[in-house]
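J.: Let me begin by handing over the structure; questions about it come next.
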Amino acid sequence: MTKVVKNSEVKLGRKVNPNSARQIRLAELEAKRSNGELKRGRPVDTNSERQLRLKIQAINKQLGIGGQGRPINPNSARQIRLNELAAKAELNGGVVKRGRPAKVVVTDEVAA
């Protein structure tokens, strides 16, 4: 006995009522999204102190003035160590070997 199955699209699940309040609302949202009219999130107050501070930060970043975060103390132990490592790397072509040195293998060819 052979069964023949037709390739037809069968929608599974509950039927959708296109006239329901939810479907109407979803259609309106999709229309606004496609037109670019959908506003999301909290509106930005362009005259706020934070927006002014962010504009100043962006300008300073472009000009290379001031950084964010805590200023660096060049006389701290860490900064001294980092400068020494950078100097050592500069002497070795940008590479600093880390860890214990490899064991030196000595072979006696005289005994042969």
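Ordered as shown in the structure tokens, chains take letters A, B, and onward, while each chain numbers its residues from 1 and ligands are numbered from 1 in the order shown.
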Would you give me, as a ChimeraX atom specification, the residues in chain A that DSSP reads as helix (DSSP H, G or I)?

T.: /A:21-35,49-63,77-91

J.: List the neighbours of range 93-104 of chain A out to 12 Å using only C-alpha atoms; skip same-chain residues closer than 5 positions along the sequence, and give me the result as a PDB file with N, CA, C and O atoms, in the first residue's frame.

T.:
```
ATOM      1  N   LEU A  82      56.027  49.536  33.757  1.00  0.00           N
ATOM      2  CA  LEU A  82      55.568  49.480  32.363  1.00  0.00           C
ATOM      3  C   LEU A  82      56.527  50.201  31.425  1.00  0.00           C
ATOM      4  O   LEU A  82      56.783  49.743  30.303  1.00  0.00           O
ATOM      5  N   GLU A  84      59.769  50.527  31.924  1.00  0.00           N
ATOM      6  CA  GLU A  84      60.956  49.675  31.804  1.00  0.00           C
ATOM      7  C   GLU A  84      60.703  48.524  30.825  1.00  0.00           C
ATOM      8  O   GLU A  84      61.571  48.189  30.009  1.00  0.00           O
ATOM      9  N   LEU A  85      59.514  47.921  30.906  1.00  0.00           N
ATOM     10  CA  LEU A  85      59.175  46.840  29.976  1.00  0.00           C
ATOM     11  C   LEU A  85      59.124  47.350  28.536  1.00  0.00           C
ATOM     12  O   LEU A  85      59.565  46.664  27.612  1.00  0.00           O
ATOM     13  N   ALA A  86      58.570  48.546  28.338  1.00  0.00           N
ATOM     14  CA  ALA A  86      58.504  49.113  26.992  1.00  0.00           C
ATOM     15  C   ALA A  86      59.908  49.382  26.454  1.00  0.00           C
ATOM     16  O   ALA A  86      60.191  49.138  25.269  1.00  0.00           O
ATOM     17  N   ALA A  87      60.804  49.862  27.323  1.00  0.00           N
ATOM     18  CA  ALA A  87      62.181  50.120  26.893  1.00  0.00           C
ATOM     19  C   ALA A  87      62.885  48.808  26.544  1.00  0.00           C
ATOM     20  O   ALA A  87      63.624  48.732  25.550  1.00  0.00           O
ATOM     21  N   LYS A  88      62.640  47.766  27.345  1.00  0.00           N
ATOM     22  CA  LYS A  88      63.252  46.459  27.091  1.00  0.00           C
ATOM     23  C   LYS A  88      62.725  45.875  25.773  1.00  0.00           C
ATOM     24  O   LYS A  88      63.486  45.291  24.993  1.00  0.00           O
TER      25      LYS A  88
END
```

J.: Interatomic distance between CA of Gly69 in chain A and CA of Lys55 in chain A?

T.: 17.0 Å

J.: So the first atom is CA of Asn75 in chain A and the second is CA of Ala89 in chain A; what is the distance between them in Å, to one decimal place?

T.: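 Separation of CA of Asn75 in chain A and CA of Ala89 in chain A: 20.2 Å.
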